[in-house]
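Accompanying notes for the structure given below.
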Amino acid sequence: MSALENSITASAPGKVIIIGEHFVVHGSYAVAAAINKRAKVTVSAGKGNESVILSNGEKTSVMGEKGKFSAAQAVARRIFEEYGTPSKGIRVEIESEIPPGSGLGSSAAISVATAASLSKFIGHTLDNDRISEIASFGEKSVHGNPSGIDSEASLLGGMILYSRETGAKQIPLNRGIQLLVVYSGHERSTSALVSKVTRKKEEFPSTFAHLSDAFSFASLQLVDALSTGDLPYLGALMNLAQASLFWVGCSTKELDNLIENVLSDESCFGAKLTGAGGGGSIIALPKPEKAGEALTRISKQYSSSFLVSIPQEGLRWE
Ligand code: PMV
């Protein structure tokens, strides 16, 4: 281990899944994009011998029982296992703008920023493949069977086409797009929803397999629609995706009503839940000239609403 630097800070963005969530866990393609909400992780020398993780005034020991910051804990343990446990304690401080359990990739962003900053602090500057591999331990600790799309979107930024088999491919954007993100305020567990979808797959294996294939086609179509700037088509694909997410049991009455509400004034081409569902967030594709209006209206009911212009930067040093 090389000499410790004073402190290292890295930040990584949250993400939205534009199409293909859940089906991507079972092998289909999906498309995700980094958003303008970030998790920042600062690593510095600790006071005693114990390495700790701090966030919002709460503290968890890296080696202690799995606590609230289990993603950062799992990443830190993995780094210590691979590169050696430091003889003096280390302090890992998390400041995140991404609400946990909101479907916006909070644990992935924390995992990516922790993997980068902690490894660098102890003298190892890792390449993206290694950061991704180590960040996946954080994701696994939060939900057992992650597809890996969240951490890739956070690490690389911009917009990505992803499958378990092919990994991530960045999508070049001729012109940026704007999405409206609305957090319902209801936290939920990704792992419970991933299990629910797996049960649906077991019950209807052929239907599920055909839908997974459909999501791969739709993801590729969505990439084309992005390159030609065909927003109505992009919105239509999002609306179809929502119907499938409803079928697998990941929408809720509240999300259905929220989507109905967002679509009711013709300000958006499409809307769907994003991420695991069961609560969490929805995304909508506003008509460019109506984006501000759509945000103002929905913000009156849902204060955690924001517009994001894509592309956004991935992992960065602060
Ligand atoms: O982290 P969330 O809740 O946004 O969900 C991630 C997306 C899933 O497809 C449901 C799971 C995964 O690992 O891809």
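By order in the structure tokens, chains are A, B, ...; within a chain, residues start at 1; ligands start at 1, following the order shown.
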Output as a tab-separated table one row per residue of chain A within 10 Å of ligand 1: the closest atom pair and its distance in Å to one decimal place, counting only C-alpha atoms and all ligand atoms, sorted by chain and residue number ascending.
```
residue	atom	partner	partner_atom_place_in_ligand_line	distance
A:Gly14	CA	ligand 1	4 (O)	9.0
A:Lys15	CA	ligand 1	4 (O)	7.5
A:Val16	CA	ligand 1	4 (O)	6.9
A:Ile17	CA	ligand 1	7 (C)	7.1
A:Ile19	CA	ligand 1	9 (O)	9.5
A:Gly20	CA	ligand 1	9 (O)	7.1
A:Glu21	CA	ligand 1	9 (O)	3.7
A:His22	CA	ligand 1	9 (O)	3.7
A:Phe23	CA	ligand 1	9 (O)	6.6
A:Val24	CA	ligand 1	14 (O)	5.7
A:Val25	CA	ligand 1	14 (O)	5.0
A:His26	CA	ligand 1	14 (O)	8.8
A:Gly27	CA	ligand 1	14 (O)	9.7
A:Ala30	CA	ligand 1	9 (O)	8.5
A:Ala32	CA	ligand 1	7 (C)	9.5
A:Pro100	CA	ligand 1	3 (O)	9.1
A:Gly101	CA	ligand 1	3 (O)	6.5
A:Ser102	CA	ligand 1	3 (O)	6.7
A:Gly103	CA	ligand 1	4 (O)	3.4
A:Leu104	CA	ligand 1	4 (O)	5.1
A:Gly105	CA	ligand 1	1 (O)	4.8
A:Ser106	CA	ligand 1	1 (O)	7.3
A:Ser107	CA	ligand 1	1 (O)	7.3
A:Ala108	CA	ligand 1	1 (O)	7.5
A:Ser136	CA	ligand 1	13 (O)	9.9
A:Glu139	CA	ligand 1	13 (O)	8.0
A:Lys140	CA	ligand 1	13 (O)	8.8
A:Val142	CA	ligand 1	1 (O)	9.1
A:His143	CA	ligand 1	13 (O)	7.7
A:Gly144	CA	ligand 1	13 (O)	8.7
A:Asn145	CA	ligand 1	13 (O)	6.4
A:Pro146	CA	ligand 1	13 (O)	3.3
A:Ser147	CA	ligand 1	13 (O)	3.9
A:Gly148	CA	ligand 1	13 (O)	5.7
A:Ile149	CA	ligand 1	14 (O)	5.5
A:Asp150	CA	ligand 1	6 (C)	6.3
A:Ser151	CA	ligand 1	13 (O)	9.1
A:Tyr162	CA	ligand 1	14 (O)	9.8
A:Ser163	CA	ligand 1	14 (O)	9.4
A:Arg164	CA	ligand 1	14 (O)	9.3
A:Glu187	CA	ligand 1	3 (O)	9.5
A:Arg188	CA	ligand 1	3 (O)	7.9
A:Ser189	CA	ligand 1	3 (O)	7.2
A:Thr190	CA	ligand 1	3 (O)	4.7
A:Ser191	CA	ligand 1	11 (C)	7.9
A:Ala192	CA	ligand 1	10 (C)	9.8
A:Leu193	CA	ligand 1	10 (C)	7.1
A:Val194	CA	ligand 1	10 (C)	5.9
A:Ser195	CA	ligand 1	10 (C)	9.8
A:Val197	CA	ligand 1	10 (C)	9.0
A:Cys250	CA	ligand 1	10 (C)	9.2
A:Leu273	CA	ligand 1	4 (O)	9.6
A:Thr274	CA	ligand 1	4 (O)	6.5
A:Gly275	CA	ligand 1	4 (O)	3.2
A:Ala276	CA	ligand 1	10 (C)	3.8
A:Gly277	CA	ligand 1	3 (O)	6.8
A:Gly278	CA	ligand 1	3 (O)	9.1
A:Gly279	CA	ligand 1	3 (O)	9.4
A:Gly280	CA	ligand 1	3 (O)	7.4
A:Ser281	CA	ligand 1	4 (O)	8.6
```
Strand (DSSP E) positions in segment 157-317 of chain A, given as a PyMOL selection string: chain A and resi 159-163+167-170+177-183+268-274+281-286+305-310+316-317
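Ranking A:His210, A:Arg297, A:Lys47, A:Lys66 by their shortest atom-to-atom distance to Ser87 of chain A, with only C-alpha atoms included, puts A:Lys47 first.
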Who sits within 6 Å of segment 33-40 of chain A, only C-alpha atoms, same chain under 5 positions skipped, as a list in words: Ala10, Ser11, Ala12, Pro13, Gly14, Lys15, Val16, Ile94, Glu95, Ser96, Glu97, Ile98, Ala109, Ile110, Ala153, Ser154, Gly157, Gly158, Met159 and Gln312 of chain A
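Residues in contact with Lys59 of chain A at up to 12 Å, not including ones fewer than 3 positions away on its chain and judged by only C-alpha atoms, are A:Glu50, A:Ser51, A:Val52, A:Ile53, A:Leu54, A:Ser55, A:Asn56, A:Val62, A:Gly64, A:Glu65, A:Lys66, A:Gly67, A:Lys68, A:Phe69, A:Ser70, A:Ala72, A:Gln73, A:Arg91, A:Val92, A:Glu93, A:Ile94.
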I need the residues from that last selection saved to file as a compact mmCIF listing (two decimals), in the first residue's frame (with N, CA, C and O atoms), if you can.
```
# COMPACT_ATOMS: atom_id res chain seq x y z
N GLU A 50 -10.34 1.60 13.45
CA GLU A 50 -11.53 1.05 12.79
C GLU A 50 -11.88 1.89 11.54
O GLU A 50 -11.86 3.12 11.60
N SER A 51 -12.21 1.21 10.44
CA SER A 51 -12.65 1.93 9.24
C SER A 51 -14.17 2.08 9.30
O SER A 51 -14.89 1.12 9.59
N VAL A 52 -14.63 3.31 9.02
CA VAL A 52 -16.05 3.59 9.18
C VAL A 52 -16.65 4.25 7.95
O VAL A 52 -15.96 4.88 7.16
N ILE A 53 -17.98 4.08 7.84
CA ILE A 53 -18.73 4.74 6.76
C ILE A 53 -19.71 5.71 7.41
O ILE A 53 -20.43 5.33 8.35
N LEU A 54 -19.73 6.93 6.95
CA LEU A 54 -20.62 7.93 7.53
C LEU A 54 -21.53 8.51 6.47
O LEU A 54 -21.11 8.69 5.32
N SER A 55 -22.77 8.77 6.88
CA SER A 55 -23.69 9.46 5.97
C SER A 55 -24.81 10.08 6.80
O SER A 55 -25.37 9.40 7.66
N ASN A 56 -25.10 11.32 6.55
CA ASN A 56 -26.20 12.02 7.25
C ASN A 56 -26.13 11.83 8.76
O ASN A 56 -27.15 11.53 9.39
N VAL A 62 -17.05 -0.59 8.75
CA VAL A 62 -16.89 -1.35 7.50
C VAL A 62 -16.99 -2.85 7.78
O VAL A 62 -17.65 -3.60 7.04
N GLY A 64 -18.25 -4.25 10.52
CA GLY A 64 -19.32 -4.62 11.45
C GLY A 64 -20.49 -5.27 10.75
O GLY A 64 -20.42 -5.61 9.57
N GLU A 65 -21.58 -5.40 11.51
CA GLU A 65 -22.80 -6.01 10.96
C GLU A 65 -23.28 -5.20 9.76
O GLU A 65 -23.09 -3.98 9.73
N LYS A 66 -23.92 -5.89 8.83
CA LYS A 66 -24.41 -5.19 7.65
C LYS A 66 -25.39 -4.10 8.08
O LYS A 66 -26.41 -4.38 8.68
N GLY A 67 -25.01 -2.86 7.82
CA GLY A 67 -25.85 -1.76 8.29
C GLY A 67 -26.56 -1.06 7.16
O GLY A 67 -26.77 -1.64 6.10
N LYS A 68 -26.90 0.18 7.43
CA LYS A 68 -27.68 0.95 6.47
C LYS A 68 -26.91 1.19 5.16
O LYS A 68 -27.50 1.33 4.10
N PHE A 69 -25.59 1.24 5.28
CA PHE A 69 -24.81 1.55 4.08
C PHE A 69 -24.16 0.28 3.55
O PHE A 69 -22.96 0.21 3.33
N SER A 70 -24.97 -0.75 3.38
CA SER A 70 -24.40 -2.06 3.04
C SER A 70 -23.70 -2.07 1.70
O SER A 70 -22.74 -2.81 1.50
N ALA A 72 -21.83 0.40 0.34
CA ALA A 72 -20.48 0.91 0.56
C ALA A 72 -19.66 -0.06 1.40
O ALA A 72 -18.47 -0.27 1.17
N GLN A 73 -20.33 -0.70 2.38
CA GLN A 73 -19.65 -1.69 3.23
C GLN A 73 -19.11 -2.83 2.37
O GLN A 73 -17.95 -3.25 2.52
N ARG A 91 -11.90 6.61 6.86
CA ARG A 91 -13.23 7.23 6.98
C ARG A 91 -13.80 7.40 5.57
O ARG A 91 -13.17 8.02 4.70
N VAL A 92 -14.97 6.83 5.37
CA VAL A 92 -15.62 6.92 4.05
C VAL A 92 -16.90 7.72 4.25
O VAL A 92 -17.82 7.28 4.93
N GLU A 93 -16.94 8.92 3.71
CA GLU A 93 -18.10 9.77 3.94
C GLU A 93 -18.95 9.90 2.67
O GLU A 93 -18.45 10.29 1.62
N ILE A 94 -20.25 9.57 2.82
CA ILE A 94 -21.15 9.59 1.66
C ILE A 94 -22.08 10.79 1.75
O ILE A 94 -22.72 11.02 2.77
```
Residues flagged helix (DSSP H, G or I) by DSSP in segment 40-94 of chain A, as a PyMOL selection string: chain A and resi 70-83
Can those selected residues be exported to a file as an mmCIF file, in the first residue's frame so that it contains all heavy atoms?
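Printed below is selection_28.cif as written:
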```
data_model
loop_
_atom_site.group_PDB
_atom_site.id
_atom_site.type_symbol
_atom_site.label_atom_id
_atom_site.label_comp_id
_atom_site.auth_asym_id
_atom_site.auth_seq_id
_atom_site.Cartn_x
_atom_site.Cartn_y
_atom_site.Cartn_z
ATOM 1 N N SER A 70 -24.974 -0.752 3.385
ATOM 2 C CA SER A 70 -24.404 -2.063 3.045
ATOM 3 C C SER A 70 -23.696 -2.067 1.697
ATOM 4 O O SER A 70 -22.744 -2.809 1.503
ATOM 5 C CB SER A 70 -25.465 -3.146 3.108
ATOM 6 O OG SER A 70 -26.438 -2.903 2.143
ATOM 7 N N ALA A 71 -24.130 -1.207 0.758
ATOM 8 C CA ALA A 71 -23.452 -1.190 -0.547
ATOM 9 C C ALA A 71 -22.008 -0.719 -0.366
ATOM 10 O O ALA A 71 -21.063 -1.382 -0.827
ATOM 11 C CB ALA A 71 -24.202 -0.279 -1.512
ATOM 12 N N ALA A 72 -21.833 0.400 0.338
ATOM 13 C CA ALA A 72 -20.477 0.913 0.556
ATOM 14 C C ALA A 72 -19.661 -0.061 1.402
ATOM 15 O O ALA A 72 -18.467 -0.268 1.173
ATOM 16 C CB ALA A 72 -20.546 2.276 1.233
ATOM 17 N N GLN A 73 -20.333 -0.695 2.378
ATOM 18 C CA GLN A 73 -19.646 -1.685 3.228
ATOM 19 C C GLN A 73 -19.105 -2.835 2.372
ATOM 20 O O GLN A 73 -17.948 -3.249 2.521
ATOM 21 C CB GLN A 73 -20.659 -2.280 4.207
ATOM 22 C CG GLN A 73 -20.504 -1.814 5.623
ATOM 23 C CD GLN A 73 -21.559 -2.478 6.501
ATOM 24 O OE1 GLN A 73 -22.688 -2.748 6.068
ATOM 25 N NE2 GLN A 73 -21.202 -2.732 7.738
ATOM 26 N N ALA A 74 -19.959 -3.359 1.506
ATOM 27 C CA ALA A 74 -19.551 -4.510 0.686
ATOM 28 C C ALA A 74 -18.403 -4.132 -0.240
ATOM 29 O O ALA A 74 -17.456 -4.917 -0.425
ATOM 30 C CB ALA A 74 -20.747 -5.008 -0.124
ATOM 31 N N VAL A 75 -18.461 -2.919 -0.792
ATOM 32 C CA VAL A 75 -17.389 -2.468 -1.689
ATOM 33 C C VAL A 75 -16.083 -2.319 -0.897
ATOM 34 O O VAL A 75 -15.013 -2.780 -1.336
ATOM 35 C CB VAL A 75 -17.790 -1.128 -2.359
ATOM 36 C CG1 VAL A 75 -16.611 -0.469 -3.036
ATOM 37 C CG2 VAL A 75 -18.910 -1.367 -3.371
ATOM 38 N N ALA A 76 -16.170 -1.688 0.276
ATOM 39 C CA ALA A 76 -14.961 -1.462 1.083
ATOM 40 C C ALA A 76 -14.335 -2.793 1.503
ATOM 41 O O ALA A 76 -13.118 -2.985 1.422
ATOM 42 C CB ALA A 76 -15.310 -0.615 2.306
ATOM 43 N N ARG A 77 -15.177 -3.736 1.921
ATOM 44 C CA ARG A 77 -14.648 -5.050 2.331
ATOM 45 C C ARG A 77 -13.934 -5.724 1.173
ATOM 46 O O ARG A 77 -12.897 -6.358 1.344
ATOM 47 C CB ARG A 77 -15.773 -5.945 2.815
ATOM 48 C CG ARG A 77 -16.311 -5.503 4.151
ATOM 49 C CD ARG A 77 -17.304 -6.515 4.628
ATOM 50 N NE ARG A 77 -18.166 -5.917 5.624
ATOM 51 C CZ ARG A 77 -19.004 -6.602 6.388
ATOM 52 N NH1 ARG A 77 -19.110 -7.895 6.261
ATOM 53 N NH2 ARG A 77 -19.748 -5.990 7.274
ATOM 54 N N ARG A 78 -14.540 -5.622 0.004
ATOM 55 C CA ARG A 78 -13.945 -6.249 -1.187
ATOM 56 C C ARG A 78 -12.570 -5.622 -1.477
ATOM 57 O O ARG A 78 -11.602 -6.319 -1.788
ATOM 58 C CB ARG A 78 -14.895 -6.043 -2.370
ATOM 59 C CG ARG A 78 -14.476 -6.738 -3.609
ATOM 60 C CD ARG A 78 -14.638 -8.237 -3.442
ATOM 61 N NE ARG A 78 -13.820 -8.962 -4.370
ATOM 62 C CZ ARG A 78 -13.785 -10.275 -4.449
ATOM 63 N NH1 ARG A 78 -14.506 -11.018 -3.636
ATOM 64 N NH2 ARG A 78 -13.017 -10.866 -5.320
ATOM 65 N N ILE A 79 -12.495 -4.309 -1.363
ATOM 66 C CA ILE A 79 -11.215 -3.626 -1.641
ATOM 67 C C ILE A 79 -10.166 -4.041 -0.613
ATOM 68 O O ILE A 79 -9.015 -4.333 -0.965
ATOM 69 C CB ILE A 79 -11.431 -2.092 -1.670
ATOM 70 C CG1 ILE A 79 -12.188 -1.740 -2.960
ATOM 71 C CG2 ILE A 79 -10.116 -1.335 -1.586
ATOM 72 C CD1 ILE A 79 -12.596 -0.292 -3.089
ATOM 73 N N PHE A 80 -10.573 -4.134 0.651
ATOM 74 C CA PHE A 80 -9.612 -4.540 1.687
ATOM 75 C C PHE A 80 -9.154 -5.983 1.449
ATOM 76 O O PHE A 80 -7.999 -6.323 1.677
ATOM 77 C CB PHE A 80 -10.222 -4.399 3.091
ATOM 78 C CG PHE A 80 -10.480 -2.955 3.510
ATOM 79 C CD1 PHE A 80 -11.227 -2.653 4.641
ATOM 80 C CD2 PHE A 80 -9.952 -1.903 2.770
ATOM 81 C CE1 PHE A 80 -11.457 -1.333 5.024
ATOM 82 C CE2 PHE A 80 -10.177 -0.577 3.143
ATOM 83 C CZ PHE A 80 -10.932 -0.299 4.274
ATOM 84 N N GLU A 81 -10.098 -6.829 1.013
ATOM 85 C CA GLU A 81 -9.764 -8.229 0.741
ATOM 86 C C GLU A 81 -8.741 -8.326 -0.391
ATOM 87 O O GLU A 81 -7.781 -9.084 -0.317
ATOM 88 C CB GLU A 81 -11.052 -8.919 0.271
ATOM 89 C CG GLU A 81 -11.347 -10.256 0.946
ATOM 90 C CD GLU A 81 -12.719 -10.716 0.480
ATOM 91 O OE1 GLU A 81 -13.697 -10.323 1.138
ATOM 92 O OE2 GLU A 81 -12.796 -11.421 -0.544
ATOM 93 N N GLU A 82 -8.957 -7.528 -1.422
ATOM 94 C CA GLU A 82 -8.073 -7.629 -2.594
ATOM 95 C C GLU A 82 -6.759 -6.898 -2.414
ATOM 96 O O GLU A 82 -5.729 -7.349 -2.904
ATOM 97 C CB GLU A 82 -8.787 -7.072 -3.824
ATOM 98 C CG GLU A 82 -9.905 -7.971 -4.239
ATOM 99 C CD GLU A 82 -10.296 -7.780 -5.697
ATOM 100 O OE1 GLU A 82 -9.512 -7.215 -6.470
ATOM 101 O OE2 GLU A 82 -11.413 -8.207 -6.022
ATOM 102 N N TYR A 83 -6.788 -5.746 -1.752
ATOM 103 C CA TYR A 83 -5.568 -4.920 -1.702
ATOM 104 C C TYR A 83 -4.974 -4.819 -0.305
ATOM 105 O O TYR A 83 -3.987 -4.127 -0.096
ATOM 106 C CB TYR A 83 -5.880 -3.515 -2.253
ATOM 107 C CG TYR A 83 -6.351 -3.570 -3.691
ATOM 108 C CD1 TYR A 83 -7.688 -3.373 -4.015
ATOM 109 C CD2 TYR A 83 -5.460 -3.857 -4.726
ATOM 110 C CE1 TYR A 83 -8.122 -3.440 -5.333
ATOM 111 C CE2 TYR A 83 -5.889 -3.933 -6.044
ATOM 112 C CZ TYR A 83 -7.227 -3.727 -6.335
ATOM 113 O OH TYR A 83 -7.647 -3.799 -7.643
#
```
Polymer residues at most 10 Å from Val223 of chain A, only C-alpha atoms, same-chain spacing of 6 or more positions, as a PyMOL selection string: chain A and resi 31+159-161+171-173+229+234
Minimum-distance residue to Leu237 of chain A, chosen among A:Ile283, A:Ala209, A:Ala271, A:Leu156 (using only C-alpha atoms): A:Ala271
Ser299 of chain A environment, 12 Å, only C-alpha atoms, sequence neighbours closer than 5 positions dropped, as a PyMOL selection string: chain A and resi 180-184+258+261-262+292-294+304-307
Store the residues picked out above, limited to N, CA, C and O atoms, as an mmCIF file, in the first residue's frame.
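Saved file part_38.cif follows:
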```cif
data_model
loop_
_atom_site.group_PDB
_atom_site.id
_atom_site.type_symbol
_atom_site.label_atom_id
_atom_site.label_comp_id
_atom_site.auth_asym_id
_atom_site.auth_seq_id
_atom_site.Cartn_x
_atom_site.Cartn_y
_atom_site.Cartn_z
ATOM 1 N N LEU A 180 -38.523 13.875 -17.808
ATOM 2 C CA LEU A 180 -39.119 14.324 -16.557
ATOM 3 C C LEU A 180 -39.089 13.131 -15.602
ATOM 4 O O LEU A 180 -39.531 12.036 -15.972
ATOM 5 N N VAL A 181 -38.520 13.334 -14.422
ATOM 6 C CA VAL A 181 -38.442 12.258 -13.432
ATOM 7 C C VAL A 181 -39.315 12.654 -12.243
ATOM 8 O O VAL A 181 -39.219 13.786 -11.747
ATOM 9 N N VAL A 182 -40.171 11.744 -11.809
ATOM 10 C CA VAL A 182 -41.039 12.033 -10.663
ATOM 11 C C VAL A 182 -40.882 10.903 -9.649
ATOM 12 O O VAL A 182 -41.174 9.741 -9.957
ATOM 13 N N TYR A 183 -40.408 11.245 -8.457
ATOM 14 C CA TYR A 183 -40.281 10.244 -7.383
ATOM 15 C C TYR A 183 -41.593 10.225 -6.602
ATOM 16 O O TYR A 183 -42.041 11.255 -6.095
ATOM 17 N N SER A 184 -42.191 9.044 -6.501
ATOM 18 C CA SER A 184 -43.481 8.924 -5.807
ATOM 19 C C SER A 184 -43.340 9.171 -4.306
ATOM 20 O O SER A 184 -44.323 9.408 -3.616
ATOM 21 N N LEU A 258 -50.248 8.135 -11.310
ATOM 22 C CA LEU A 258 -49.239 9.169 -11.572
ATOM 23 C C LEU A 258 -48.966 9.257 -13.082
ATOM 24 O O LEU A 258 -48.904 10.353 -13.662
ATOM 25 N N ASN A 261 -51.881 10.809 -14.804
ATOM 26 C CA ASN A 261 -51.840 12.246 -14.527
ATOM 27 C C ASN A 261 -50.847 12.955 -15.464
ATOM 28 O O ASN A 261 -51.181 13.942 -16.125
ATOM 29 N N VAL A 262 -49.638 12.412 -15.551
ATOM 30 C CA VAL A 262 -48.592 13.037 -16.373
ATOM 31 C C VAL A 262 -48.994 13.069 -17.852
ATOM 32 O O VAL A 262 -48.705 14.026 -18.569
ATOM 33 N N GLY A 292 -41.101 22.427 -19.308
ATOM 34 C CA GLY A 292 -41.181 23.278 -18.117
ATOM 35 C C GLY A 292 -42.585 23.262 -17.516
ATOM 36 O O GLY A 292 -42.767 23.127 -16.303
ATOM 37 N N GLU A 293 -43.543 23.348 -18.402
ATOM 38 C CA GLU A 293 -44.964 23.336 -18.003
ATOM 39 C C GLU A 293 -45.306 22.002 -17.298
ATOM 40 O O GLU A 293 -45.959 21.988 -16.248
ATOM 41 N N ALA A 294 -44.853 20.901 -17.891
ATOM 42 C CA ALA A 294 -45.132 19.573 -17.314
ATOM 43 C C ALA A 294 -44.529 19.469 -15.917
ATOM 44 O O ALA A 294 -45.156 18.965 -14.979
ATOM 45 N N SER A 304 -40.640 15.934 -5.309
ATOM 46 C CA SER A 304 -39.369 15.395 -5.812
ATOM 47 C C SER A 304 -39.477 15.092 -7.298
ATOM 48 O O SER A 304 -39.404 13.945 -7.727
ATOM 49 N N SER A 305 -39.708 16.144 -8.072
ATOM 50 C CA SER A 305 -39.785 16.001 -9.529
ATOM 51 C C SER A 305 -38.709 16.877 -10.128
ATOM 52 O O SER A 305 -38.437 17.965 -9.613
ATOM 53 N N PHE A 306 -38.108 16.419 -11.200
ATOM 54 C CA PHE A 306 -37.076 17.239 -11.841
ATOM 55 C C PHE A 306 -36.930 16.844 -13.301
ATOM 56 O O PHE A 306 -37.348 15.756 -13.711
ATOM 57 N N LEU A 307 -36.335 17.768 -14.060
ATOM 58 C CA LEU A 307 -36.032 17.480 -15.468
ATOM 59 C C LEU A 307 -34.567 17.100 -15.547
ATOM 60 O O LEU A 307 -33.736 17.651 -14.820
#
```
Nearby residues (only C-alpha atoms) at most 8 Å from Lys272 of chain A, same-chain spacing under 3 positions excluded, as a PyMOL selection string: chain A and resi 238-239+241-242+259+282-284
Could those selected residues go to a file with N, CA and C atoms, as a JSON list (two decimals), in the first residue's frame?
```json
[["chain", "number", "residue", "atom", "x", "y", "z"],
["A", 238, "MET", "N", -41.93, 3.61, -24.67],
["A", 238, "MET", "CA", -42.02, 3.71, -23.21],
["A", 238, "MET", "C", -43.41, 3.30, -22.72],
["A", 239, "ASN", "N", -44.45, 3.72, -23.45],
["A", 239, "ASN", "CA", -45.82, 3.35, -23.05],
["A", 239, "ASN", "C", -46.04, 1.85, -23.12],
["A", 241, "ALA", "N", -43.70, -0.39, -22.81],
["A", 241, "ALA", "CA", -42.90, -0.98, -21.71],
["A", 241, "ALA", "C", -43.68, -0.94, -20.41],
["A", 242, "GLN", "N", -44.39, 0.18, -20.19],
["A", 242, "GLN", "CA", -45.17, 0.30, -18.95],
["A", 242, "GLN", "C", -46.24, -0.80, -18.87],
["A", 259, "ILE", "N", -48.85, 8.11, -13.72],
["A", 259, "ILE", "CA", -48.60, 8.08, -15.17],
["A", 259, "ILE", "C", -49.81, 8.66, -15.91],
["A", 282, "ILE", "N", -41.19, 7.40, -11.63],
["A", 282, "ILE", "CA", -41.58, 7.25, -13.03],
["A", 282, "ILE", "C", -40.74, 8.22, -13.87],
["A", 283, "ILE", "N", -40.64, 7.93, -15.16],
["A", 283, "ILE", "CA", -40.05, 8.90, -16.08],
["A", 283, "ILE", "C", -41.08, 9.20, -17.16],
["A", 284, "ALA", "N", -41.00, 10.41, -17.70],
["A", 284, "ALA", "CA", -41.86, 10.78, -18.83],
["A", 284, "ALA", "C", -41.00, 11.49, -19.85]]
```
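If you measure from each of A:Ile90, A:Ala214, A:Leu315, A:Ile298 to Ser132 of chain A using only C-alpha atoms, the closest one turns out to be A:Leu315.
Of the residues under consideration (A:Tyr302, A:Glu133, A:Lys200, A:Tyr29), A:Tyr29 shows the shortest atom-to-atom contact distance to Thr166 of chain A when counting only C-alpha atoms.
Of note, atom CA of Ser28 of chain A and atom CA of Asp213 of chain A are spaced 6.4 Å apart.
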